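run.pdb follows (PDB, C-alpha atoms):
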```pdb
ATOM      1  CA  MET A   1     -33.847  18.368  14.864
ATOM      2  CA  LYS A   2     -31.290  17.947  17.607
ATOM      3  CA  GLY A   3     -28.926  15.113  16.766
ATOM      4  CA  GLN A   4     -26.843  12.932  19.041
ATOM      5  CA  PRO A   5     -23.521  14.630  19.893
ATOM      6  CA  ASP A   6     -21.480  11.510  19.103
ATOM      7  CA  VAL A   7     -23.189  11.138  15.698
ATOM      8  CA  ILE A   8     -22.451  14.784  14.898
ATOM      9  CA  ALA A   9     -18.825  14.328  15.986
ATOM     10  CA  ALA A  10     -18.551  11.213  13.811
ATOM     11  CA  LEU A  11     -20.036  13.092  10.853
ATOM     12  CA  ASN A  12     -17.432  15.804  11.341
ATOM     13  CA  ARG A  13     -14.679  13.170  11.299
ATOM     14  CA  LEU A  14     -16.109  11.873   8.029
ATOM     15  CA  LEU A  15     -16.230  15.433   6.745
ATOM     16  CA  ALA A  16     -12.510  15.823   7.472
ATOM     17  CA  SER A  17     -11.865  12.709   5.379
ATOM     18  CA  GLU A  18     -14.017  13.931   2.487
ATOM     19  CA  LEU A  19     -12.362  17.355   2.507
ATOM     20  CA  SER A  20      -8.958  15.704   2.472
ATOM     21  CA  ALA A  21     -10.069  13.464  -0.383
ATOM     22  CA  MET A  22     -11.112  16.587  -2.276
ATOM     23  CA  ASP A  23      -7.672  18.115  -1.706
ATOM     24  CA  GLN A  24      -5.869  14.961  -2.793
ATOM     25  CA  TYR A  25      -8.004  14.387  -5.893
ATOM     26  CA  PHE A  26      -7.731  18.033  -6.879
ATOM     27  CA  THR A  27      -3.944  17.956  -6.617
ATOM     28  CA  HIS A  28      -3.645  14.649  -8.462
ATOM     29  CA  SER A  29      -5.997  15.776 -11.222
ATOM     30  CA  GLU A  30      -3.945  18.915 -11.815
ATOM     31  CA  MET A  31      -0.756  16.847 -11.886
ATOM     32  CA  TYR A  32      -2.298  14.571 -14.516
ATOM     33  CA  ARG A  33      -3.347  17.558 -16.602
ATOM     34  CA  ASN A  34       0.132  19.073 -16.309
ATOM     35  CA  TRP A  35       1.635  15.791 -17.538
ATOM     36  CA  GLY A  36      -0.745  15.623 -20.527
ATOM     37  CA  LEU A  37      -2.687  12.646 -19.176
ATOM     38  CA  GLU A  38      -6.073  14.095 -20.092
ATOM     39  CA  LYS A  39      -8.156  10.952 -19.506
ATOM     40  CA  LEU A  40      -6.790  10.567 -15.996
ATOM     41  CA  TYR A  41      -7.275  14.287 -15.409
ATOM     42  CA  GLU A  42     -10.939  14.097 -16.441
ATOM     43  CA  ARG A  43     -11.688  11.040 -14.317
ATOM     44  CA  ILE A  44      -9.873  12.232 -11.201
ATOM     45  CA  HIS A  45     -11.357  15.716 -11.543
ATOM     46  CA  HIS A  46     -14.745  13.967 -11.650
ATOM     47  CA  GLU A  47     -13.781  12.180  -8.418
ATOM     48  CA  PHE A  48     -12.934  15.591  -6.932
ATOM     49  CA  ASP A  49     -16.465  16.724  -7.787
ATOM     50  CA  ASP A  50     -17.923  13.543  -6.260
ATOM     51  CA  GLU A  51     -16.017  14.151  -3.028
ATOM     52  CA  LYS A  52     -17.322  17.709  -2.976
ATOM     53  CA  GLY A  53     -20.824  16.243  -3.226
ATOM     54  CA  HIS A  54     -20.079  13.882  -0.337
ATOM     55  CA  ALA A  55     -18.806  16.791   1.762
ATOM     56  CA  THR A  56     -21.915  18.799   0.906
ATOM     57  CA  ALA A  57     -24.196  15.934   1.998
ATOM     58  CA  LEU A  58     -22.344  15.669   5.309
ATOM     59  CA  ILE A  59     -22.456  19.421   5.904
ATOM     60  CA  GLU A  60     -26.186  19.500   5.187
ATOM     61  CA  ARG A  61     -26.812  16.619   7.598
ATOM     62  CA  ILE A  62     -24.671  18.124  10.357
ATOM     63  CA  LEU A  63     -26.573  21.387  10.021
ATOM     64  CA  PHE A  64     -29.910  19.544  10.033
ATOM     65  CA  LEU A  65     -28.876  17.828  13.265
ATOM     66  CA  GLU A  66     -28.096  21.310  14.695
ATOM     67  CA  GLY A  67     -24.368  20.712  14.724
ATOM     68  CA  THR A  68     -21.555  22.900  13.424
ATOM     69  CA  PRO A  69     -19.610  21.577  10.449
ATOM     70  CA  ASP A  70     -15.852  21.575  10.995
ATOM     71  CA  LEU A  71     -14.361  22.791   7.725
ATOM     72  CA  VAL A  72     -10.889  23.286   9.154
ATOM     73  CA  THR A  73      -9.854  19.790  10.220
ATOM     74  CA  ARG A  74      -8.328  17.589   7.547
ATOM     75  CA  ASP A  75      -6.791  14.134   7.449
ATOM     76  CA  PRO A  76      -3.263  13.963   6.045
ATOM     77  CA  ILE A  77      -3.132  13.662   2.276
ATOM     78  CA  HIS A  78      -0.656  11.576   0.325
ATOM     79  CA  ILE A  79       0.451  12.999  -2.996
ATOM     80  CA  GLY A  80       2.058  10.418  -5.241
ATOM     81  CA  ALA A  81       5.227  11.097  -7.222
ATOM     82  CA  ASP A  82       4.129   9.039 -10.230
ATOM     83  CA  VAL A  83       0.926   7.593 -11.683
ATOM     84  CA  PRO A  84       0.977   4.201  -9.908
ATOM     85  CA  ALA A  85       1.742   5.847  -6.564
ATOM     86  CA  MET A  86      -1.023   8.387  -7.115
ATOM     87  CA  LEU A  87      -3.576   5.706  -7.985
ATOM     88  CA  GLN A  88      -2.500   3.572  -5.009
ATOM     89  CA  SER A  89      -2.678   6.563  -2.679
ATOM     90  CA  ASP A  90      -6.180   7.391  -3.904
ATOM     91  CA  LEU A  91      -7.246   3.768  -3.518
ATOM     92  CA  GLN A  92      -5.974   3.650   0.070
ATOM     93  CA  LEU A  93      -7.882   6.846   0.760
ATOM     94  CA  GLU A  94     -11.086   5.224  -0.526
ATOM     95  CA  TYR A  95     -10.486   2.102   1.568
ATOM     96  CA  ASP A  96      -9.993   4.276   4.666
ATOM     97  CA  VAL A  97     -13.145   6.276   3.965
ATOM     98  CA  ALA A  98     -15.164   3.084   3.428
ATOM     99  CA  THR A  99     -13.994   1.717   6.774
ATOM    100  CA  ALA A 100     -14.904   4.974   8.523
ATOM    101  CA  LEU A 101     -18.309   5.074   6.834
ATOM    102  CA  ARG A 102     -19.111   1.547   8.031
ATOM    103  CA  LYS A 103     -18.267   2.519  11.618
ATOM    104  CA  VAL A 104     -20.469   5.620  11.519
ATOM    105  CA  ILE A 105     -23.300   3.655   9.888
ATOM    106  CA  ALA A 106     -23.128   1.242  12.843
ATOM    107  CA  LEU A 107     -23.201   4.202  15.250
ATOM    108  CA  CYS A 108     -26.291   5.567  13.512
ATOM    109  CA  GLU A 109     -27.919   2.147  13.917
ATOM    110  CA  GLN A 110     -27.236   2.262  17.660
ATOM    111  CA  HIS A 111     -28.955   5.646  17.886
ATOM    112  CA  GLN A 112     -31.763   4.632  15.527
ATOM    113  CA  ASP A 113     -30.805   7.510  13.219
ATOM    114  CA  TYR A 114     -31.937   5.758  10.068
ATOM    115  CA  GLN A 115     -32.019   8.865   7.904
ATOM    116  CA  THR A 116     -28.341   9.614   8.518
ATOM    117  CA  ARG A 117     -27.575   5.929   7.996
ATOM    118  CA  GLU A 118     -29.313   6.062   4.606
ATOM    119  CA  ILE A 119     -27.247   9.094   3.546
ATOM    120  CA  LEU A 120     -24.034   7.357   4.603
ATOM    121  CA  GLU A 121     -24.992   4.133   2.826
ATOM    122  CA  LYS A 122     -25.264   6.104  -0.428
ATOM    123  CA  LEU A 123     -21.797   7.545   0.177
ATOM    124  CA  LEU A 124     -20.458   4.064   0.931
ATOM    125  CA  ASP A 125     -21.960   2.668  -2.246
ATOM    126  CA  ASP A 126     -20.339   5.449  -4.277
ATOM    127  CA  THR A 127     -17.014   4.947  -2.485
ATOM    128  CA  GLU A 128     -16.903   1.174  -2.992
ATOM    129  CA  ASP A 129     -18.723   0.594  -6.283
ATOM    130  CA  ASP A 130     -17.450   3.601  -8.188
ATOM    131  CA  HIS A 131     -14.298   5.132  -6.764
ATOM    132  CA  ALA A 132     -12.423   2.149  -5.307
ATOM    133  CA  TYR A 133     -13.479  -0.240  -8.060
ATOM    134  CA  TRP A 134     -12.270   2.124 -10.807
ATOM    135  CA  LEU A 135      -8.931   2.664  -9.057
ATOM    136  CA  GLU A 136      -8.447  -1.080  -8.599
ATOM    137  CA  LYS A 137      -9.093  -1.558 -12.326
ATOM    138  CA  GLN A 138      -6.469   1.057 -13.247
ATOM    139  CA  LEU A 139      -3.817  -0.593 -11.105
ATOM    140  CA  ARG A 140      -4.732  -3.970 -12.574
ATOM    141  CA  LEU A 141      -4.414  -2.520 -16.106
ATOM    142  CA  ILE A 142      -0.939  -1.227 -15.286
ATOM    143  CA  ASP A 143       0.019  -4.756 -14.174
ATOM    144  CA  LEU A 144      -1.502  -6.333 -17.295
ATOM    145  CA  ILE A 145      -0.296  -4.013 -20.054
ATOM    146  CA  GLY A 146       2.635  -2.266 -18.410
ATOM    147  CA  LEU A 147       3.019   1.317 -17.317
ATOM    148  CA  PRO A 148       4.180   2.767 -20.683
ATOM    149  CA  ASN A 149       1.150   1.324 -22.510
ATOM    150  CA  TYR A 150      -1.181   2.445 -19.755
ATOM    151  CA  LEU A 151       0.195   5.988 -19.805
ATOM    152  CA  GLN A 152      -0.122   6.143 -23.577
ATOM    153  CA  SER A 153      -3.786   5.132 -23.281
ATOM    154  CA  GLN A 154      -4.397   8.021 -20.861
ATOM    155  CA  MET A 155      -3.128  10.803 -23.134
TER     156      MET A 155
END
```
Representation of the structure as structure tokens:
Amino acid sequence: MKGQPDVIAALNRLLASELSAMDQYFTHSEMYRNWGLEKLYERIHHEFDDEKGHATALIERILFLEGTPDLVTRDPIHIGADVPAMLQSDLQLEYDVATALRKVIALCEQHQDYQTREILEKLLDDTEDDHAYWLEKQLRLIDLIGLPNYLQSQM
């Protein structure tokens, strides 16, 4: 099925964001593991896998719409130097992705591409209700119990 060129281009922009998120989560998860923060490693590695699933869904849709997935382009990533900076960087990434998803969902509405919209709505739900919410909770825990207690709980 031939898709709209601007929808395919927008999906490729989203793909760049998801691939960058994969890179950032992968790096952060390995940093956590290296520091002995196994709980953070496991959760952020899980987020890496989720982002890989998001990228896969976008690639499949681009191909279905007879487009060519751009696996080279990436958004800049922001690697934190410590746990709060890493969590904040990941949260900002999720906020940025959510904003981009909303814009592309609106574009799909304009083109009456409801199937692509439905795929993106699932990604948005995962981004907001799982990823961003969990990161917000971690930053709130650091504020409530202090960084040393938080880090101890993540070993």
(message) Since I can't run it myself right now, could you work out what the PyMOL selection byres ((chain A and resi 95) around 12) selects here and report it as a list in words?
(response)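 Against this file, the PyMOL selection byres ((chain A and resi 95) around 12) returns the residues Ser17, Ala21, Gln88, Ser89, Asp90, Leu91, Gln92, Leu93, Glu94, Asp96, Val97, Ala98, Thr99, Ala100, Leu101, Arg102, Leu124, Asp126, Thr127, Glu128, Asp129, His131, Ala132, Tyr133, Leu135 and Glu136 of chain A.
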(request) Give me the result of the PyMOL selection byres ((chain A and resi 58) around 12) on this file, residue by residue, as a ChimeraX atom specification. (result) /A:7-19,51-57,59-65,67-71,101,104,116-120,122-123
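Closest approach to His111 in chain A among A:Ser20, A:Gln138, A:Gln4, A:Gln152 is made by A:Gln4 (distances from only C-alpha atoms).
Residue membership of the PyMOL selection byres ((chain A and resi 139) around 10) in the shown file amounts to A:Val83, A:Pro84, A:Ala85, A:Leu87, A:Gln88, A:Leu91, A:Trp134, A:Leu135, A:Glu136, A:Lys137, A:Gln138, A:Arg140, A:Leu141, A:Ile142, A:Asp143, A:Leu144, A:Gly146, A:Leu147, A:Tyr150.
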(message) What's the separation between CA of Gln154 in chain A and CA of Asp50 in chain A, in Å to one decimal place?
(response)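 Separation between CA of Gln154 in chain A and CA of Asp50 in chain A: 20.7 Å.
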(message) Using Å and a single decimal, report how far CA of Gln24 in chain A sits from CA of Leu151 in chain A.
(response) 20.2 Å
(message) Nearest residue to Met155 in chain A out of A:Cys108, A:Ala81, A:Leu37, A:Met1, using all atoms listed in the file?
(response)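 Looking at the shortest contact to Met155 in chain A, the residue is A:Leu37.
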(request) Quote the spacing between CA of Gly3 in chain A and CA of Arg74 in chain A in Å to one decimal place. (result) 22.7 Å
(message) Could you list, as a list in words, every residue within 10 Å of His46 in chain A, counting all atoms listed in the file and ignoring same-chain residues fewer than 6 positions away?
(response) Tyr25, Phe26, Ser29, Leu40 and Lys52 of chain A
Residues as selected, C-alpha atoms, written as a PDB file, in the frame of the given file, can you do that?
```pdb
ATOM      1  CA  TYR A  25      -8.004  14.387  -5.893  1.00  0.00           C
ATOM      2  CA  PHE A  26      -7.731  18.033  -6.879  1.00  0.00           C
ATOM      3  CA  SER A  29      -5.997  15.776 -11.222  1.00  0.00           C
ATOM      4  CA  LEU A  40      -6.790  10.567 -15.996  1.00  0.00           C
ATOM      5  CA  LYS A  52     -17.322  17.709  -2.976  1.00  0.00           C
TER       6      LYS A  52
END
```
(request) Between A:Asn34, A:Asn149, A:Thr27, A:Gln112, single out the one closest to Met86 in chain A, counting only C-alpha atoms. (result)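 Of A:Asn34, A:Asn149, A:Thr27, A:Gln112, the one nearest Met86 in chain A is A:Thr27, counting only C-alpha atoms.
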